[in-house]
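Below is data-v2.cif, holding mmCIF, C-alpha atoms.
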```cif
data_entry
#
loop_
_atom_site.group_PDB
_atom_site.id
_atom_site.type_symbol
_atom_site.label_atom_id
_atom_site.label_comp_id
_atom_site.auth_asym_id
_atom_site.auth_seq_id
_atom_site.Cartn_x
_atom_site.Cartn_y
_atom_site.Cartn_z
ATOM 1 C CA MET A 1 79.834 138.534 87.558
ATOM 2 C CA SER A 2 77.109 137.549 90.005
ATOM 3 C CA GLU A 3 74.142 139.839 90.498
ATOM 4 C CA LYS A 4 74.956 140.373 94.197
ATOM 5 C CA ARG A 5 78.562 141.316 93.422
ATOM 6 C CA LYS A 6 77.316 143.795 90.813
ATOM 7 C CA GLN A 7 74.820 145.286 93.313
ATOM 8 C CA ILE A 8 77.611 145.715 95.878
ATOM 9 C CA ILE A 9 79.922 147.429 93.380
ATOM 10 C CA GLU A 10 77.168 149.776 92.203
ATOM 11 C CA ALA A 11 76.156 150.615 95.775
ATOM 12 C CA ALA A 12 79.758 151.253 96.823
ATOM 13 C CA ALA A 13 80.395 153.466 93.796
ATOM 14 C CA LYS A 14 77.262 155.459 94.602
ATOM 15 C CA SER A 15 78.193 155.777 98.273
ATOM 16 C CA PHE A 16 81.785 156.787 97.460
ATOM 17 C CA SER A 17 80.402 159.389 95.016
ATOM 18 C CA LEU A 18 77.982 160.828 97.560
ATOM 19 C CA PHE A 19 79.965 160.646 100.793
ATOM 20 C CA GLY A 20 83.563 160.039 99.756
ATOM 21 C CA TYR A 21 85.638 156.975 100.428
ATOM 22 C CA LYS A 22 86.608 157.787 104.007
ATOM 23 C CA ALA A 23 83.038 158.540 105.126
ATOM 24 C CA THR A 24 81.552 155.443 103.476
ATOM 25 C CA THR A 25 81.071 152.442 105.731
ATOM 26 C CA MET A 26 80.517 148.840 104.740
ATOM 27 C CA ASP A 27 77.183 149.046 106.612
ATOM 28 C CA GLN A 28 76.084 151.850 104.250
ATOM 29 C CA VAL A 29 77.164 149.835 101.219
ATOM 30 C CA ALA A 30 75.268 146.786 102.509
ATOM 31 C CA LYS A 31 72.091 148.823 103.023
ATOM 32 C CA MET A 32 72.352 150.469 99.608
ATOM 33 C CA ALA A 33 73.006 147.101 97.943
ATOM 34 C CA ASN A 34 70.226 145.454 99.929
ATOM 35 C CA VAL A 35 72.552 142.692 101.149
ATOM 36 C CA GLY A 36 73.947 141.670 104.495
ATOM 37 C CA LYS A 37 77.315 143.092 105.492
ATOM 38 C CA GLY A 38 78.737 139.563 105.560
ATOM 39 C CA THR A 39 77.767 139.123 101.897
ATOM 40 C CA ILE A 40 80.085 141.968 100.964
ATOM 41 C CA TYR A 41 82.980 140.197 102.638
ATOM 42 C CA THR A 42 82.358 137.039 100.613
ATOM 43 C CA PHE A 43 83.288 139.085 97.525
ATOM 44 C CA PHE A 44 85.691 141.690 98.905
ATOM 45 C CA LYS A 45 88.191 141.441 101.756
ATOM 46 C CA SER A 46 88.041 145.155 102.522
ATOM 47 C CA LYS A 47 86.722 148.542 101.549
ATOM 48 C CA GLU A 48 90.088 149.156 99.843
ATOM 49 C CA GLU A 49 89.617 146.079 97.639
ATOM 50 C CA LEU A 50 86.145 147.288 96.716
ATOM 51 C CA LEU A 51 87.569 150.695 95.755
ATOM 52 C CA GLU A 52 90.272 148.998 93.643
ATOM 53 C CA GLU A 53 87.585 147.045 91.769
ATOM 54 C CA ILE A 54 85.594 150.197 91.056
ATOM 55 C CA VAL A 55 88.669 152.125 89.896
ATOM 56 C CA SER A 56 89.642 149.229 87.603
ATOM 57 C CA SER A 57 86.237 149.557 85.992
ATOM 58 C CA ILE A 58 86.664 153.337 85.642
ATOM 59 C CA ILE A 59 90.073 152.828 84.018
ATOM 60 C CA SER A 60 88.512 150.485 81.455
ATOM 61 C CA GLU A 61 85.743 153.011 80.768
ATOM 62 C CA ILE A 62 88.241 155.840 80.289
ATOM 63 C CA LYS A 63 90.340 153.774 77.867
ATOM 64 C CA CYS A 64 87.217 152.928 75.845
ATOM 65 C CA GLU A 65 86.309 156.635 75.751
ATOM 66 C CA ALA A 66 89.820 157.566 74.611
ATOM 67 C CA ASP A 67 89.802 154.834 71.948
ATOM 68 C CA ALA A 68 86.441 156.107 70.684
ATOM 69 C CA ALA A 69 87.975 159.578 70.211
ATOM 70 C CA ILE A 70 90.661 158.260 67.880
ATOM 71 C CA ASP A 71 90.047 158.600 64.162
ATOM 72 C CA GLN A 72 92.477 156.562 62.054
ATOM 73 C CA SER A 73 92.268 159.123 59.251
ATOM 74 C CA LEU A 74 93.760 161.818 61.504
ATOM 75 C CA SER A 75 97.400 162.369 62.436
ATOM 76 C CA PHE A 76 98.982 161.237 65.683
ATOM 77 C CA ASN A 77 99.091 164.877 66.810
ATOM 78 C CA GLU A 78 95.338 165.291 66.374
ATOM 79 C CA ASN A 79 94.487 161.885 67.829
ATOM 80 C CA VAL A 80 96.618 162.221 70.954
ATOM 81 C CA GLN A 81 94.924 165.537 71.702
ATOM 82 C CA ARG A 82 91.490 164.042 71.059
ATOM 83 C CA ALA A 83 92.246 161.083 73.350
ATOM 84 C CA LEU A 84 93.639 163.287 76.137
ATOM 85 C CA GLN A 85 90.651 165.599 75.816
ATOM 86 C CA ARG A 86 88.294 162.639 76.226
ATOM 87 C CA ILE A 87 90.271 161.314 79.226
ATOM 88 C CA PHE A 88 90.091 164.663 81.003
ATOM 89 C CA THR A 89 86.465 165.286 80.136
ATOM 90 C CA PHE A 90 85.587 161.887 81.608
ATOM 91 C CA ARG A 91 87.715 162.517 84.692
ATOM 92 C CA LYS A 92 86.242 166.000 85.157
ATOM 93 C CA GLU A 93 82.599 164.925 84.738
ATOM 94 C CA HIS A 94 82.470 161.460 86.351
ATOM 95 C CA GLU A 95 80.921 161.846 89.818
ATOM 96 C CA LEU A 96 83.180 159.339 91.518
ATOM 97 C CA THR A 97 86.460 160.670 90.119
ATOM 98 C CA ILE A 98 85.388 164.203 91.093
ATOM 99 C CA LYS A 99 84.704 163.084 94.675
ATOM 100 C CA LEU A 100 87.908 161.028 94.909
ATOM 101 C CA LEU A 101 90.074 163.880 93.585
ATOM 102 C CA GLN A 102 88.400 166.211 96.083
ATOM 103 C CA GLU A 103 89.082 163.753 98.925
ATOM 104 C CA VAL A 104 92.751 163.457 97.956
ATOM 105 C CA ARG A 105 93.042 167.257 97.937
ATOM 106 C CA ASP A 106 91.077 167.928 101.136
ATOM 107 C CA ILE A 107 91.813 164.914 103.338
ATOM 108 C CA GLY A 108 94.640 162.999 101.706
ATOM 109 C CA THR A 109 93.153 159.560 102.424
ATOM 110 C CA PRO A 110 96.031 157.138 101.611
ATOM 111 C CA ALA A 111 93.879 154.475 99.904
ATOM 112 C CA VAL A 112 92.246 157.086 97.680
ATOM 113 C CA ARG A 113 95.572 158.764 96.913
ATOM 114 C CA ASP A 114 96.964 155.370 95.873
ATOM 115 C CA VAL A 115 94.103 154.524 93.506
ATOM 116 C CA MET A 116 94.198 157.981 91.936
ATOM 117 C CA LYS A 117 97.947 157.559 91.357
ATOM 118 C CA ARG A 118 97.141 154.208 89.753
ATOM 119 C CA LEU A 119 94.561 155.885 87.536
ATOM 120 C CA ASP A 120 97.183 158.411 86.394
ATOM 121 C CA ARG A 121 99.771 155.660 85.804
ATOM 122 C CA GLU A 122 97.278 153.716 83.692
ATOM 123 C CA MET A 123 96.433 156.784 81.613
ATOM 124 C CA ILE A 124 100.133 157.529 81.089
ATOM 125 C CA ALA A 125 100.655 153.895 80.018
ATOM 126 C CA TYR A 126 97.753 154.270 77.571
ATOM 127 C CA VAL A 127 99.328 157.382 76.028
ATOM 128 C CA ARG A 128 102.732 155.644 75.963
ATOM 129 C CA GLY A 129 101.185 152.850 73.898
ATOM 130 C CA LYS A 130 99.826 155.372 71.395
ATOM 131 C CA ILE A 131 103.256 157.046 71.195
ATOM 132 C CA GLU A 132 104.926 153.687 70.541
ATOM 133 C CA GLU A 133 102.386 152.915 67.785
ATOM 134 C CA ALA A 134 103.075 156.312 66.192
ATOM 135 C CA MET A 135 106.853 155.750 66.335
ATOM 136 C CA ALA A 136 106.446 152.312 64.716
ATOM 137 C CA LYS A 137 104.410 153.902 61.882
ATOM 138 C CA GLY A 138 106.970 156.684 61.452
ATOM 139 C CA GLU A 139 104.432 159.366 62.414
ATOM 140 C CA ILE A 140 106.771 160.754 65.073
ATOM 141 C CA ARG A 141 110.480 160.430 65.573
ATOM 142 C CA SER A 142 111.977 158.089 68.125
ATOM 143 C CA CYS A 143 111.740 159.291 71.712
ATOM 144 C CA ASP A 144 111.491 158.010 75.278
ATOM 145 C CA SER A 145 107.821 156.977 75.104
ATOM 146 C CA GLU A 146 107.311 156.769 78.858
ATOM 147 C CA LEU A 147 108.795 160.186 79.572
ATOM 148 C CA THR A 148 106.959 161.738 76.619
ATOM 149 C CA ALA A 149 103.641 160.229 77.741
ATOM 150 C CA PHE A 150 104.251 161.530 81.262
ATOM 151 C CA LEU A 151 104.985 165.037 79.949
ATOM 152 C CA MET A 152 101.935 165.024 77.662
ATOM 153 C CA PHE A 153 99.653 163.856 80.461
ATOM 154 C CA LYS A 154 101.007 166.312 83.027
ATOM 155 C CA MET A 155 100.955 169.185 80.551
ATOM 156 C CA TYR A 156 97.324 168.443 79.795
ATOM 157 C CA ILE A 157 96.503 168.434 83.527
ATOM 158 C CA ALA A 158 98.406 171.688 83.972
ATOM 159 C CA LEU A 159 96.599 173.407 81.103
ATOM 160 C CA ASN A 160 93.153 172.046 82.057
ATOM 161 C CA VAL A 161 93.284 172.202 85.848
ATOM 162 C CA GLU A 162 96.235 174.059 87.305
ATOM 163 C CA TRP A 163 96.083 177.077 84.981
ATOM 164 C CA GLU A 164 92.431 177.691 85.899
ATOM 165 C CA LYS A 165 93.267 178.139 89.577
ATOM 166 C CA GLU A 166 94.711 181.605 88.958
ATOM 167 C CA HIS A 167 93.765 182.452 85.357
ATOM 168 C CA GLU A 168 90.824 182.437 83.008
ATOM 169 C CA PRO A 169 90.200 178.882 81.762
ATOM 170 C CA LEU A 170 91.735 178.082 78.392
ATOM 171 C CA SER A 171 89.512 176.985 75.531
ATOM 172 C CA GLN A 172 90.085 173.506 74.135
ATOM 173 C CA GLN A 173 91.279 175.168 70.925
ATOM 174 C CA LYS A 174 93.901 177.174 72.836
ATOM 175 C CA ILE A 175 95.027 174.068 74.738
ATOM 176 C CA ALA A 176 95.375 172.219 71.427
ATOM 177 C CA GLU A 177 97.458 175.086 70.005
ATOM 178 C CA LEU A 178 99.742 175.199 73.061
ATOM 179 C CA PHE A 179 100.064 171.427 73.108
ATOM 180 C CA HIS A 180 101.073 171.476 69.458
ATOM 181 C CA LEU A 181 103.457 174.386 69.902
ATOM 182 C CA TYR A 182 105.290 173.114 72.987
ATOM 183 C CA LEU A 183 105.199 169.367 72.551
ATOM 184 C CA LEU A 184 104.059 167.940 69.275
ATOM 185 C CA LYS A 185 105.833 170.229 66.862
ATOM 186 C CA GLY A 186 109.125 168.969 68.241
ATOM 187 C CA LEU A 187 108.049 165.363 67.650
ATOM 188 C CA SER A 188 107.032 165.775 64.029
ATOM 189 C CA PRO A 189 109.299 163.935 61.573
#
```
Go ahead and render the structure in this file as structure tokens.
Amino acid sequence: MSEKRKQIIEAAAKSFSLFGYKATTMDQVAKMANVGKGTIYTFFKSKEELLEEIVSSIISEIKCEADAAIDQSLSFNENVQRALQRIFTFRKEHELTIKLLQEVRDIGTPAVRDVMKRLDREMIAYVRGKIEEAMAKGEIRSCDSELTAFLMFKMYIALNVEWEKEHEPLSQQKIAELFHLYLLKGLSP
């Protein structure tokens, strides 16, 4: 990756984090990257393409974080919870994902909504892969891996985000217990 391209991506990510996607202009990105506006367009056709590039990088980072949480000596049940915990911690603490989720909620910017849906789809696909590995090893019984990954992911969002809107936040221990009780116990061989 060229140094200018990297500068543009970093500047755009910073601007999106500070001002949101909708409020960020290519002029702002150019100033922050210390390049001409035309230089940006030699690398990216549009602001949407620039956002896609940044989100692709975030997806890779999240997958690396989730992989780092996995301990081969632990069971599938423990590892899937550890990976989901890492995914949601990253998503909850990363400045850009916080701002993008806020923009989807408050403004509903279509381009941002689309990339956040992509982020969710990629995380569900990641979990599906781990489910398929566990089925192949006989750690869990056969199931619809895509549907199960979707349910696990959405349940984790519900317990980490939705529940807190009207209730006291749940501890990670309590979430792990509920996850095990409602989902994983039924998958155990």
With a distance cut-off of 10 Å and all atoms listed in the file, select the neighbouring residues of Phe90 of chain A, excluding the residue or stretch itself and same-chain residues fewer than 3 positions from it, and output the selection as a short mmCIF file (atom, residue, chain, number, x, y, z; two decimals) with C-alpha atoms, keeping the file's coordinate frame.
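The resulting file, selection38.cif, is shown below:
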```cif
data_model
loop_
_atom_site.label_atom_id
_atom_site.label_comp_id
_atom_site.auth_asym_id
_atom_site.auth_seq_id
_atom_site.Cartn_x
_atom_site.Cartn_y
_atom_site.Cartn_z
CA ILE A 58 86.66 153.34 85.64
CA GLU A 61 85.74 153.01 80.77
CA ILE A 62 88.24 155.84 80.29
CA GLU A 65 86.31 156.64 75.75
CA ALA A 66 89.82 157.57 74.61
CA LEU A 84 93.64 163.29 76.14
CA GLN A 85 90.65 165.60 75.82
CA ARG A 86 88.29 162.64 76.23
CA ILE A 87 90.27 161.31 79.23
CA GLU A 93 82.60 164.92 84.74
CA HIS A 94 82.47 161.46 86.35
CA GLU A 95 80.92 161.85 89.82
CA THR A 97 86.46 160.67 90.12
CA ILE A 98 85.39 164.20 91.09
#
```
Inset, instruction - Name every residue that the PyMOL selection byres ((chain A and resi 52) around 12) selects in this structure, writing the answer as a count of residues only with chains first and numbers rising. - result: 28
Inset, instruction - Find the spatial neighbours of Met155 of chain A, counting all atoms listed in the file, within a cut-off of 10 Å - ignore same-chain residues fewer than 5 positions away - and output them as a PyMOL selection string. - result: chain A and resi 149-150+160-162+175+178-179+182-183
Include C-alpha atoms and write out the residues we just selected as a JSON list (two decimals), in the coordinates of the input.
```json
[["chain", "number", "residue", "atom", "x", "y", "z"],
["A", 149, "ALA", "CA", 103.64, 160.23, 77.74],
["A", 150, "PHE", "CA", 104.25, 161.53, 81.26],
["A", 160, "ASN", "CA", 93.15, 172.05, 82.06],
["A", 161, "VAL", "CA", 93.28, 172.20, 85.85],
["A", 162, "GLU", "CA", 96.24, 174.06, 87.30],
["A", 175, "ILE", "CA", 95.03, 174.07, 74.74],
["A", 178, "LEU", "CA", 99.74, 175.20, 73.06],
["A", 179, "PHE", "CA", 100.06, 171.43, 73.11],
["A", 182, "TYR", "CA", 105.29, 173.11, 72.99],
["A", 183, "LEU", "CA", 105.20, 169.37, 72.55]]
```
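Going from atom CA of Gly38 of chain A to atom CA of Leu96 of chain A covers 24.7 Å.
With only C-alpha atoms as the atoms that count, the minimum distance from Gln28 of chain A to the choices A:Ile8, A:Val104, A:Phe76, A:Ser142 is reached by A:Ile8.
Shortest atom-to-atom contact with Ile70 of chain A among A:Ala176, A:Val127, A:Ala158, A:Met1: A:Val127, counting all atoms listed in the file.
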Legend entry - Residue among A:Gln81, A:Ser17, A:Asn34, A:Gln7 lying closest to Leu101 of chain A, counting all atoms listed in the file: A:Ser17
